[in-house]
$ cat data08.txt   # compact mmCIF, C-alpha atoms
# COMPACT_ATOMS: atom_id res chain seq x y z
CA MET A 758 -60.94 58.48 197.87
CA ARG A 759 -60.27 55.87 200.52
CA MET A 760 -63.89 55.86 201.72
CA THR A 761 -65.18 55.43 198.17
CA GLY A 762 -63.19 52.21 197.91
CA ALA A 763 -64.43 51.02 201.30
CA LEU A 764 -68.05 51.65 200.33
CA LYS A 765 -67.70 49.88 196.99
CA SER A 766 -65.96 46.93 198.65
CA ALA A 767 -68.87 46.71 201.08
CA GLY A 768 -71.32 46.46 198.18
CA VAL A 769 -72.77 49.97 198.35
CA THR A 770 -74.10 50.82 194.92
CA THR A 771 -76.34 53.11 192.89
CA GLY A 772 -79.59 54.01 194.63
CA ASP A 773 -78.43 53.08 198.12
CA GLU A 774 -78.46 55.63 200.94
CA VAL A 775 -75.46 56.19 203.19
CA ILE A 776 -75.79 58.19 206.40
CA VAL A 777 -72.94 60.64 207.04
CA PRO A 778 -72.43 63.70 209.25
CA ALA A 779 -73.05 67.17 207.83
CA TYR A 780 -70.59 68.55 210.39
CA ASP A 781 -67.76 67.76 207.99
CA THR A 782 -65.75 69.09 205.08
CA GLY A 783 -67.89 67.38 202.43
CA GLU A 784 -65.31 64.73 201.61
CA LEU A 785 -67.43 61.86 202.95
CA ALA A 786 -70.55 62.98 201.10
CA ARG A 787 -68.57 63.20 197.87
CA ALA A 788 -67.20 59.71 198.46
CA VAL A 789 -70.78 58.45 198.76
CA VAL A 790 -71.78 60.20 195.53
CA ALA A 791 -68.76 58.64 193.78
CA THR A 792 -70.25 55.19 194.44
CA GLY A 793 -73.57 56.22 192.90
CA ALA A 794 -75.25 56.22 196.32
CA VAL A 795 -77.08 59.09 198.00
CA PRO A 796 -75.66 60.83 201.11
CA VAL A 797 -78.19 61.27 203.92
CA PHE A 798 -77.29 63.65 206.74
CA ALA A 799 -77.95 63.08 210.44
CA ASP A 800 -77.41 65.46 213.34
CA ILE A 801 -74.54 65.31 215.80
CA ASP A 802 -74.17 65.04 219.56
CA PRO A 803 -73.37 68.60 220.71
CA LEU A 804 -70.72 67.39 223.19
CA THR A 805 -68.78 64.96 221.00
CA TYR A 806 -69.42 66.36 217.48
CA CYS A 807 -69.89 62.74 216.38
CA LEU A 808 -73.15 61.47 214.89
CA ALA A 809 -75.93 61.15 217.44
CA PRO A 810 -77.40 57.62 217.56
CA ASP A 811 -80.99 58.82 217.98
CA ALA A 812 -80.62 61.19 215.03
CA VAL A 813 -79.24 58.41 212.86
CA GLY A 814 -82.09 56.13 213.89
CA ARG A 815 -84.60 58.70 212.66
CA VAL A 816 -83.21 58.82 209.12
CA ILE A 817 -82.67 55.10 208.49
CA THR A 818 -84.96 53.81 205.74
CA SER A 819 -85.34 50.63 203.73
CA ARG A 820 -82.80 52.11 201.27
CA THR A 821 -80.11 52.71 203.90
CA ALA A 822 -77.05 50.58 203.16
CA ALA A 823 -74.49 52.02 205.56
CA VAL A 824 -73.67 54.51 208.29
CA VAL A 825 -70.25 56.21 208.28
CA LEU A 826 -69.25 57.01 211.85
CA VAL A 827 -66.52 59.64 212.28
CA HIS A 828 -64.47 59.96 215.46
CA ARG A 829 -64.40 63.75 215.28
CA PHE A 830 -61.34 65.67 216.51
CA GLY A 831 -60.16 62.50 218.24
CA HIS A 832 -63.29 62.13 220.39
CA PRO A 833 -64.41 58.49 220.19
CA ALA A 834 -67.96 57.93 218.97
CA ASP A 835 -70.28 55.55 220.80
CA VAL A 836 -69.36 52.51 218.71
CA PRO A 837 -71.22 49.87 220.80
CA ARG A 838 -74.48 51.78 220.54
CA PHE A 839 -74.04 52.29 216.81
CA ALA A 840 -73.18 48.62 216.35
CA GLN A 841 -76.48 47.70 218.01
CA LEU A 842 -78.35 50.20 215.84
CA ALA A 843 -76.72 48.88 212.66
CA ALA A 844 -77.41 45.25 213.56
CA LYS A 845 -81.03 46.01 214.42
CA ASN A 846 -81.61 47.69 211.06
CA GLY A 847 -79.41 45.44 208.93
CA VAL A 848 -77.07 48.17 207.75
CA LEU A 849 -73.29 48.33 207.49
CA LEU A 850 -71.31 50.39 210.02
CA LEU A 851 -68.08 51.96 208.78
CA GLU A 852 -65.72 53.93 211.02
CA GLU A 853 -63.64 56.87 209.88
CA GLU A 854 -60.95 58.59 211.95
CA ASP A 855 -60.71 62.35 211.61
CA ARG A 856 -57.49 62.46 209.55
CA GLU A 857 -56.20 65.82 210.72
CA GLY A 858 -53.86 65.65 213.69
CA LEU A 859 -53.13 61.93 213.53
CA GLY A 860 -49.82 60.96 215.10
CA GLY A 861 -48.05 62.97 217.75
CA ASP A 862 -47.80 62.31 221.47
CA VAL A 863 -51.34 61.47 222.62
CA ALA A 864 -50.42 61.37 226.32
CA GLN A 865 -48.89 64.83 226.07
CA ARG A 866 -51.95 66.16 224.23
CA ARG A 867 -54.22 64.79 226.95
CA GLU A 868 -52.11 66.45 229.64
CA ARG A 869 -52.23 69.79 227.84
CA ALA A 870 -55.96 69.43 227.16
CA GLY A 871 -56.49 68.87 230.89
CA TYR A 872 -54.49 72.02 231.65
CA LEU A 873 -56.59 74.08 229.23
CA GLY A 874 -59.84 72.53 230.45
CA ARG A 875 -59.05 73.63 234.02
CA ARG A 876 -57.92 77.15 233.15
CA LEU A 877 -59.78 78.43 230.11
CA ALA A 878 -62.74 80.66 230.90
CA GLY A 879 -65.19 82.38 228.58
CA VAL A 880 -65.21 79.49 226.12
CA GLU A 881 -66.67 75.99 226.38
CA THR A 882 -63.86 73.45 226.40
CA PRO A 883 -64.03 69.90 224.96
CA THR A 884 -65.87 67.28 226.98
CA PRO A 885 -63.35 64.86 228.53
CA ALA A 886 -63.84 61.25 227.49
CA GLU A 887 -61.93 58.01 227.86
CA GLY A 888 -59.91 57.46 224.72
CA HIS A 889 -60.07 61.09 223.54
CA ARG A 890 -56.99 61.77 221.40
CA TYR A 891 -57.42 65.58 221.12
CA GLN A 892 -56.27 65.65 217.52
CA ARG A 893 -57.73 69.15 217.41
CA TYR A 894 -58.55 71.23 220.46
CA VAL A 895 -61.96 72.66 219.59
CA VAL A 896 -63.83 75.08 221.84
CA ARG A 897 -67.19 76.80 221.56
CA VAL A 898 -67.46 80.56 221.76
CA PRO A 899 -70.62 81.59 223.61
CA GLY A 900 -72.76 84.55 222.66
CA ASN A 901 -74.49 85.32 219.39
CA GLY A 902 -73.24 82.38 217.35
CA ARG A 903 -71.16 83.01 214.24
CA PRO A 904 -70.69 86.81 214.61
CA ASP A 905 -69.20 86.49 218.10
CA ARG A 906 -67.16 83.41 217.18
CA ASP A 907 -65.71 85.14 214.13
CA ALA A 908 -64.93 88.30 216.10
CA PHE A 909 -63.25 86.21 218.81
CA ALA A 910 -61.15 84.43 216.17
CA ARG A 911 -60.05 87.72 214.59
CA LEU A 912 -58.96 89.09 217.97
CA LEU A 913 -57.03 85.92 218.77
CA ARG A 914 -55.16 86.15 215.47
CA ARG A 915 -54.34 89.81 216.05
CA ARG A 916 -52.71 88.75 219.32
CA GLY A 917 -50.66 86.09 217.57
CA VAL A 918 -52.77 83.05 218.48
CA GLU A 919 -53.48 80.75 215.54
CA CYS A 920 -57.02 79.43 215.26
CA GLU A 921 -59.33 78.04 212.60
CA VAL A 922 -63.04 77.45 212.08
CA PRO A 923 -63.15 73.65 211.68
CA VAL A 924 -66.40 73.49 209.69
CA PRO A 925 -67.14 76.81 207.97
CA ILE A 926 -70.21 75.48 206.11
CA PRO A 927 -72.14 72.34 207.12
CA VAL A 928 -72.34 69.94 204.20
CA HIS A 929 -76.14 70.08 203.97
CA ARG A 930 -75.79 73.84 203.32
CA MET A 931 -73.29 73.42 200.50
CA ARG A 932 -74.79 74.11 197.07
CA GLU A 933 -74.03 70.64 195.72
CA PHE A 934 -75.92 68.92 198.57
CA ARG A 935 -78.52 71.51 199.56
CA ARG A 936 -82.16 70.61 199.59
CA ASP A 937 -85.18 71.41 201.74
CA GLY A 938 -86.08 69.33 204.75
CA TRP A 939 -82.84 68.88 206.67
CA MET A 940 -83.36 69.57 210.39
CA LEU A 941 -79.84 69.60 211.82
CA GLY A 942 -79.94 72.13 214.62
CA GLU A 943 -76.95 70.84 216.59
CA THR A 944 -74.84 70.68 213.44
CA GLU A 945 -75.65 74.27 212.55
CA ARG A 946 -75.02 75.52 216.08
CA ALA A 947 -71.67 73.74 216.16
CA ALA A 948 -70.68 75.22 212.79
CA ASP A 949 -71.56 78.69 214.11
CA GLU A 950 -69.81 78.39 217.49
CA THR A 951 -66.78 76.10 217.21
CA LEU A 952 -63.19 77.24 216.91
CA ALA A 953 -60.05 75.10 216.71
CA LEU A 954 -57.22 76.48 218.85
CA PRO A 955 -53.53 75.78 218.08
CA SER A 956 -52.39 72.17 217.84
CA LEU A 957 -51.50 70.84 221.27
CA ASP A 958 -48.53 69.00 219.77
CA GLY A 959 -46.55 72.13 219.01
CA LEU A 960 -47.17 74.30 222.09
CA THR A 961 -44.52 75.07 224.68
CA GLU A 962 -45.51 75.64 228.31
CA ALA A 963 -45.07 79.38 227.83
CA GLU A 964 -47.34 79.29 224.76
CA LEU A 965 -49.97 77.34 226.70
CA ARG A 966 -49.96 79.97 229.44
CA ARG A 967 -50.20 82.76 226.90
CA LEU A 968 -53.07 81.01 225.11
CA VAL A 969 -54.99 80.87 228.38
CA SER A 970 -54.23 84.52 229.15
CA VAL A 971 -55.35 85.78 225.73
CA CYS A 972 -58.49 83.62 225.54
CA ASN A 973 -59.59 84.46 229.07
CA ALA A 974 -59.14 88.19 228.49
CA LEU A 975 -61.32 88.03 225.37
CA GLY A 976 -63.78 85.51 226.76
CA GLY A 977 -64.67 87.87 229.56
CA LEU A 978 -66.19 90.20 226.99
CA LEU A 979 -68.66 87.58 225.78
CA GLN A 980 -71.82 86.50 227.52
CA PRO A 981 -74.09 83.57 226.67
CA ALA A 982 -77.08 84.58 224.54
$ encode --input "data08.txt" --output "structure tokens"
Amino acid sequence: MRMTGALKSAGVTTGDEVIVPAYDTGELARAVVATGAVPVFADIDPLTYCLAPDAVGRVITSRTAAVVLVHRFGHPADVPRFAQLAAKNGVLLLEEEDREGLGGDVAQRRERAGYLGRRLAGVETPTPAEGHRYQRYVVRVPGNGRPDRDAFARLLRRRGVECEVPVPIPVHRMREFRRDGWMLGETERAADETLALPSLDGLTEAELRRLVSVCNALGGLLQPA
């Protein structure tokens, strides 16, 4: 794994702790284990899906060697704040771009994201941010968490709209990493509520309009809990 090599090159070794997000596929945590280090999970910012600086600060210990900061779905993490946190605690800061959706026409994606942000109703759209690349267009489905999100996804697919749950199981809930004591409320809420809509790179104007029409029709059936 690319991150395993980066960690080893940085001197991370057996017994060290490396802070990673649990709102992830598990690849980063496995890369940490491959170095002999221990993955430590911190909670995310509910608006950006990136690690939350305050949450990271709470889990740094004398054994912490590094923090792996992921720019999730193309939303830039707060690098300056994390750089200050890393310098203050004497730990290494590594950045990782969400690999899915790299490439494509970023300006076009931003234009289409703006269109969806103005017109979608019944779902919570991504928070606009300077530098957002919208590699995946991820919304939240309000209501009763996972049951409503999953029902919404099934109905979208029946109407011909592709969608995908980006993080089906948070890493701290996976059997290989599970242990008592993790308090990651925002991570678990995001895993229960988020849904990735079709890639903005491949949509025609007609498909964008249809996406809005289908989502808004279904979203009107859901109410916040």
$ closest_atom_pairs --input "data08.txt" --of "region 850-936 of chain A" --to "region 960-963 of chain A" --cutoff "12 Å" --atoms "only C-alpha atoms" --output "tab-separated table"
residue	atom	partner	partner_atom	distance
A:Gln865	CA	A:Leu960	CA	10.4
A:Arg866	CA	A:Leu960	CA	9.7
A:Glu868	CA	A:Glu962	CA	11.4
A:Arg869	CA	A:Leu960	CA	8.9
A:Ala870	CA	A:Leu960	CA	11.3
A:Tyr872	CA	A:Glu962	CA	10.2
A:Leu873	CA	A:Glu962	CA	11.2
A:Tyr894	CA	A:Leu960	CA	11.9
A:Val918	CA	A:Leu960	CA	11.0
A:Glu919	CA	A:Leu960	CA	11.1
$ residues_around --input "data08.txt" --residues "Asn973 (chain A)" --least-positions-apart "6" --cutoff "8 Å" --atoms "all atoms listed in the file" --output "PyMOL selection string"
chain A and resi 877-879
$ residues_around --input "data08.txt" --residues "Glu853 (chain A)" --least-positions-apart "5" --cutoff "7 Å" --atoms "all atoms listed in the file" --output "MDAnalysis selection string"
chainID A and resid 825:828
$ atom_distance --input "data08.txt" --atom1 "CA of Pro833 (chain A)" --atom2 "CA of Cys807 (chain A)"
7.9 Å
$ atom_distance --input "data08.txt" --atom1 "CA of Ile926 (chain A)" --atom2 "CA of Glu950 (chain A)"
11.8 Å
$ closest_residue --input "data08.txt" --among "A:Val895, A:Val813, A:Ser956, A:Gly768" --to "Gly860 (chain A)" --atoms "all atoms listed in the file"
A:Ser956
$ atom_distance --input "data08.txt" --atom1 "CA of Ala974 (chain A)" --atom2 "CA of Asp949 (chain A)"
21.2 Å
$ closest_residue --input "data08.txt" --among "A:Arg838, A:Ala947, A:Thr821, A:Ala788" --to "Gly902 (chain A)" --atoms "only C-alpha atoms"
A:Ala947
$ residues_around --input "data08.txt" --residues "Val971 (chain A)" --least-positions-apart "4" --cutoff "8 Å" --atoms "all atoms listed in the file" --output "JSON, numbers by chain"
{"A": [913, 916, 967, 975]}
$ axis_aligned_box --input "data08.txt" --around "region 797-802 of chain A" --padding-each-side "3 Å" --output "lines of an AutoDock Vina configuration file"
center_x = -76.2
center_y = 63.4
center_z = 211.7
size_x = 10.0
size_y = 10.2
size_z = 21.6
$ closest_residue --input "data08.txt" --among "A:Leu957, A:Arg946, A:Phe830, A:Leu952" --to "Gly871 (chain A)" --atoms "only C-alpha atoms"
A:Leu957
$ closest_residue --input "data08.txt" --among "A:Glu933, A:Asp800, A:Asp905, A:Asp773" --to "Gly814 (chain A)" --atoms "only C-alpha atoms"
A:Asp800
$ residues_around --input "data08.txt" --residues "Thr882 (chain A)" --least-positions-apart "2" --cutoff "7 Å" --atoms "only C-alpha atoms" --output "PDB file with C-alpha atoms, in the frame of the given file"
ATOM      1  CA  GLY A 874     -59.840  72.530 230.450  1.00  0.00           C
ATOM      2  CA  VAL A 880     -65.210  79.490 226.120  1.00  0.00           C
ATOM      3  CA  THR A 884     -65.870  67.280 226.980  1.00  0.00           C
ATOM      4  CA  VAL A 896     -63.830  75.080 221.840  1.00  0.00           C
ATOM      5  CA  ARG A 897     -67.190  76.800 221.560  1.00  0.00           C
TER       6      ARG A 897
END
$ closest_residue --input "data08.txt" --among "A:Glu854, A:Asp802, A:Asp862, A:Glu921" --to "Leu941 (chain A)" --atoms "all atoms listed in the file"
A:Asp802
$ closest_residue --input "data08.txt" --among "A:Glu784, A:Glu774, A:Glu857, A:Asp811" --to "Ala823 (chain A)" --atoms "all atoms listed in the file"
A:Glu774
